[in-house]
Amino acid sequence: MTLLPAPSPPSLPPDLRGRFENVEWTPLAVERLAREMPKAETHLHLDGALSPELVQRLAREQGHEPLAGLPLAEIRRRVVVDAPRESLAAVLAVFGAVLPLLRDPAALGTVAYELVAAASRQGTRHVEVRFAPALQAAPGFDQEAVLDAALEGLAAGRAAFGVGTSVIVCLIRPPSLVDLDTNRRMVELAIAGRACGVVGIDLAGDEAAAPLAAYAELFRRAREGGLALSAHAGEAPGSGDLETALALGVDRLGHATLLGKRPELLAEVVRRRIPIEVNLTSNLRTGAAPSLAAHPVRSWFDAGVPIALSTDDPGLFAIDLPGEYLLLHRELGFTPAELATVALQGFDALFLPPAEKARLRAGAERDLGRLLDELAAR
Ligand SMILES: [Zn+2]
């Protein structure tokens with residue numbers, strides 16, 4: 001079926017487009033572009049952002065056995081997913097090793113701070129960080145304190161590195177892991193947290209184990225409360241979550257790889273210009289995409305779907321955002337100008353007021369122009 005005519009996607013301003021032709025695009029020049037061009041990241045889990053080194057440091061500080069006594073190579077074996085696993089659930093199981101380390105305000109603040117430090121090294125100008133306060137809560141450390149600790153770490157990172165931050169609260173499925181009442185409390189916490197940088201909610205966890213439809217009431221409440229909506233949907237087969245997400249009017253879709261098999265839903269996504277949070281390496285490792293060559297991102301981009309390229313879990317997968325851009329280039333044929341277009345689409349996709357996004361995008365375009373001039377002069 002042919003796609004409905006789409007409004008033109010956000011593209012490069014003409015003066016920038018011309019400057020791409022002045023650069024000799026050697027592999028090294030493309031690498032510099034991927035690393036240094038201004039980027040925004042929209043889909044990044046706090047609890048998936050710990051490097052093995054940070055896991056080791058926190059485990060030692062907390063005397064957390066067995067991790068505290070293990071050599072780094074063994075920690076890496078336990079907390080890094082560096083090859084495809086049999087399912088999304090198999091990848092999610094790895095979080096179990098890391099979560100106990102985060103039930104502590106200082107540790108949570110450290111992880112949040114380090115995440116912003118890493119973002120600044122990757123040319124990221126604004127990062128939306130997501131997590132589920134219910135998963136870090138512990139006796140004496142309730143959901144609200146969890147959110148406060150993370151916000152404090154992010155604020156310290158923001159002050160030190162000049163990277164903007166905001167928070168997306170993840171509701172968690174299935175109910176055997178986090179029940180509906182606890183998820184409901186997270187929605188209220190997120191609404192109350194709007195003044196402190198909470199911008200949206202998401203639904204994460206095993207899509208095959210509980211449908212998004214079971215959380216529809218909570219999504220409606222979040223919307224009423226002024227929050228933006230995203231959801232992991234169409235990442236694992238058989239859930240019907242893509243239909244539900246579209247019916248709920250989500251502002252962005254997470255993963256959505258199964259849209260590749262659902263042209264009628266893709267047409268709707270194109271028509272409404274719903275950005276898709278694309279996580280290439282994650283999709284390979286969870287089996288959501290059999291190969292990068294088979295990943296639908298190329299066809300989405302060509303059809304006019306805004307792409308919000310992200311890492312999902314940079315620590316868990318041992319990756320970074322520039323590396324994901326290089327995958328677009330090397331494996332999916334995105335030209336340097338297309339990489340920059342995706343980077344700018346990332347700013348447009350942020351859950352921020354339009355004026356704030358316009359300000360970020362204008363700064364990104366200006367600095368991208370400077371980078372292109374530098375690359376052309378070499
Ligand atoms: Zn995710």
# chains A, B, ... in the order shown; residues from 1 in each chain; ligands from 1
call {"tool": "residues_near_ligand", "arguments": {"ligand": "ligand 1", "cutoff": "9 Å", "atoms": "only C-alpha atoms and all ligand atoms", "output": "VMD selection string"}}
result
chain A and resid 43 to 45 48 130 203 to 205 231 to 232 254 to 255 277 279 282 311 to 313
call {"tool": "residues_around", "arguments": {"residues": "stretch 283-292 of chain A", "least_positions_apart": "2", "cutoff": "10 Å", "atoms": "only C-alpha atoms", "output": "PyMOL selection string"}}
result
chain A and resi 81-92+234-237+255-258+260+278-281+294-298+312+317+327-328+330-332
call {"tool": "residues_around", "arguments": {"residues": "stretch 222-224 of chain A", "least_positions_apart": "5", "cutoff": "10 Å", "atoms": "only C-alpha atoms", "output": "PyMOL selection string"}}
result
chain A and resi 184+186-188+190-191+200-202+216-217+229+248-250
call {"tool": "closest_residue", "arguments": {"among": "A:Arg185, A:Arg359, A:Arg19, A:Arg35", "to": "A:Glu324", "atoms": "only C-alpha atoms"}}
result
A:Arg35
call {"tool": "select_by_dssp", "arguments": {"residues": "stretch 17-137 of chain A", "states": "strand (DSSP E)", "output": "VMD selection string"}}
result
chain A and resid 39 to 45 124 to 131
call {"tool": "closest_residue", "arguments": {"among": "A:Ile75, A:Leu154, A:Ala210, A:Leu108", "to": "A:Val127", "atoms": "only C-alpha atoms"}}
result
A:Leu154
call {"tool": "select_by_dssp", "arguments": {"residues": "stretch 141-283 of chain A", "states": "alpha helix (DSSP H)", "output": "VMD selection string"}}
result
chain A and resid 143 to 161 180 to 192 216 to 224 241 to 248 263 to 272 280 to 283
call {"tool": "residues_around", "arguments": {"residues": "stretch 96-99 of chain A", "least_positions_apart": "6", "cutoff": "8 Å", "atoms": "only C-alpha atoms", "output": "list in words"}}
result
Asp47, Val55, Arg78, Val79, Leu135 and Gln136 of chain A
call {"tool": "residues_around", "arguments": {"residues": "A:Glu31", "least_positions_apart": "6", "cutoff": "9 Å", "atoms": "only C-alpha atoms", "output": "JSON, numbers by chain"}}
result
{"A": [322, 323, 325, 326]}
call {"tool": "closest_residue", "arguments": {"among": "A:Pro211, A:Gly225, A:Pro133, A:Pro66", "to": "A:Cys170", "atoms": "only C-alpha atoms"}}
result
A:Pro133
call {"tool": "decode", "arguments": {"residues": "stretch 179-272 of chain A", "atoms": "C-alpha atoms", "output": "mmCIF file, in the first residue's frame"}}
result
data_model
loop_
_atom_site.group_PDB
_atom_site.id
_atom_site.type_symbol
_atom_site.label_atom_id
_atom_site.label_comp_id
_atom_site.auth_asym_id
_atom_site.auth_seq_id
_atom_site.Cartn_x
_atom_site.Cartn_y
_atom_site.Cartn_z
ATOM 1 C CA ASP A 179 1.316 -3.525 40.484
ATOM 2 C CA LEU A 180 -1.214 -1.102 39.085
ATOM 3 C CA ASP A 181 -1.569 0.902 42.301
ATOM 4 C CA THR A 182 2.173 1.475 42.498
ATOM 5 C CA ASN A 183 2.179 2.541 38.848
ATOM 6 C CA ARG A 184 -0.694 4.895 39.636
ATOM 7 C CA ARG A 185 1.387 6.481 42.412
ATOM 8 C CA MET A 186 4.219 6.959 39.928
ATOM 9 C CA VAL A 187 1.878 8.847 37.601
ATOM 10 C CA GLU A 188 0.859 11.190 40.428
ATOM 11 C CA LEU A 189 4.506 11.635 41.400
ATOM 12 C CA ALA A 190 5.348 12.479 37.793
ATOM 13 C CA ILE A 191 2.553 15.056 37.598
ATOM 14 C CA ALA A 192 3.699 16.630 40.862
ATOM 15 C CA GLY A 193 7.276 16.598 39.518
ATOM 16 C CA ARG A 194 6.472 18.749 36.487
ATOM 17 C CA ALA A 195 7.810 21.821 38.266
ATOM 18 C CA CYS A 196 11.152 20.047 38.788
ATOM 19 C CA GLY A 197 11.794 18.753 35.285
ATOM 20 C CA VAL A 198 9.531 15.732 34.846
ATOM 21 C CA VAL A 199 8.159 16.032 31.319
ATOM 22 C CA GLY A 200 6.481 12.749 30.479
ATOM 23 C CA ILE A 201 5.675 9.139 31.196
ATOM 24 C CA ASP A 202 6.525 5.898 29.440
ATOM 25 C CA LEU A 203 5.629 2.252 29.829
ATOM 26 C CA ALA A 204 8.624 -0.083 30.029
ATOM 27 C CA GLY A 205 9.156 -3.731 30.864
ATOM 28 C CA ASP A 206 8.212 -6.961 29.136
ATOM 29 C CA GLU A 207 5.756 -6.036 26.390
ATOM 30 C CA ALA A 208 4.897 -9.689 25.787
ATOM 31 C CA ALA A 209 3.822 -10.080 29.446
ATOM 32 C CA ALA A 210 1.287 -7.200 29.787
ATOM 33 C CA PRO A 211 -0.373 -5.033 27.128
ATOM 34 C CA LEU A 212 -0.282 -1.238 27.106
ATOM 35 C CA ALA A 213 -4.109 -1.347 27.072
ATOM 36 C CA ALA A 214 -4.024 -2.365 30.751
ATOM 37 C CA TYR A 215 -2.400 1.012 31.510
ATOM 38 C CA ALA A 216 -4.670 3.177 29.338
ATOM 39 C CA GLU A 217 -6.364 4.788 32.332
ATOM 40 C CA LEU A 218 -2.970 5.841 33.734
ATOM 41 C CA PHE A 219 -1.902 7.294 30.390
ATOM 42 C CA ARG A 220 -5.105 9.340 30.245
ATOM 43 C CA ARG A 221 -4.490 10.621 33.758
ATOM 44 C CA ALA A 222 -0.908 11.597 32.866
ATOM 45 C CA ARG A 223 -2.152 13.472 29.828
ATOM 46 C CA GLU A 224 -4.736 15.319 31.946
ATOM 47 C CA GLY A 225 -1.944 16.187 34.347
ATOM 48 C CA GLY A 226 0.005 17.915 31.575
ATOM 49 C CA LEU A 227 2.593 15.225 30.817
ATOM 50 C CA ALA A 228 3.764 14.061 27.405
ATOM 51 C CA LEU A 229 3.371 10.380 26.538
ATOM 52 C CA SER A 230 5.713 7.789 25.131
ATOM 53 C CA ALA A 231 5.500 4.006 25.300
ATOM 54 C CA HIS A 232 7.653 1.030 24.452
ATOM 55 C CA ALA A 233 5.447 -0.471 21.762
ATOM 56 C CA GLY A 234 5.898 -2.850 18.872
ATOM 57 C CA GLU A 235 9.232 -4.057 20.243
ATOM 58 C CA ALA A 236 8.064 -7.610 21.000
ATOM 59 C CA PRO A 237 5.571 -9.546 18.904
ATOM 60 C CA GLY A 238 1.904 -10.137 19.644
ATOM 61 C CA SER A 239 0.968 -7.302 22.019
ATOM 62 C CA GLY A 240 -1.306 -4.983 20.016
ATOM 63 C CA ASP A 241 0.545 -2.119 21.706
ATOM 64 C CA LEU A 242 1.108 -0.122 18.521
ATOM 65 C CA GLU A 243 -2.645 0.159 17.948
ATOM 66 C CA THR A 244 -3.193 1.073 21.602
ATOM 67 C CA ALA A 245 -0.418 3.674 21.593
ATOM 68 C CA LEU A 246 -1.875 5.362 18.520
ATOM 69 C CA ALA A 247 -5.365 5.286 20.036
ATOM 70 C CA LEU A 248 -3.993 6.875 23.216
ATOM 71 C CA GLY A 249 -2.430 9.649 21.165
ATOM 72 C CA VAL A 250 1.160 9.139 22.291
ATOM 73 C CA ASP A 251 3.598 11.922 21.416
ATOM 74 C CA ARG A 252 6.386 9.494 20.542
ATOM 75 C CA LEU A 253 6.788 5.745 20.080
ATOM 76 C CA GLY A 254 9.621 3.749 21.645
ATOM 77 C CA HIS A 255 11.247 1.176 19.289
ATOM 78 C CA ALA A 256 8.124 0.351 17.239
ATOM 79 C CA THR A 257 10.168 -2.062 15.099
ATOM 80 C CA LEU A 258 7.027 -4.076 14.278
ATOM 81 C CA LEU A 259 5.730 -1.079 12.314
ATOM 82 C CA GLY A 260 7.905 -2.535 9.565
ATOM 83 C CA LYS A 261 5.261 -5.266 9.236
ATOM 84 C CA ARG A 262 2.199 -2.996 9.679
ATOM 85 C CA PRO A 263 1.969 -0.576 6.729
ATOM 86 C CA GLU A 264 -1.509 0.652 7.745
ATOM 87 C CA LEU A 265 -0.208 1.705 11.169
ATOM 88 C CA LEU A 266 2.935 3.185 9.665
ATOM 89 C CA ALA A 267 0.734 5.306 7.399
ATOM 90 C CA GLU A 268 -0.934 6.686 10.519
ATOM 91 C CA VAL A 269 2.441 7.406 12.152
ATOM 92 C CA VAL A 270 3.566 9.193 8.980
ATOM 93 C CA ARG A 271 0.336 11.180 8.759
ATOM 94 C CA ARG A 272 0.613 12.309 12.393
#
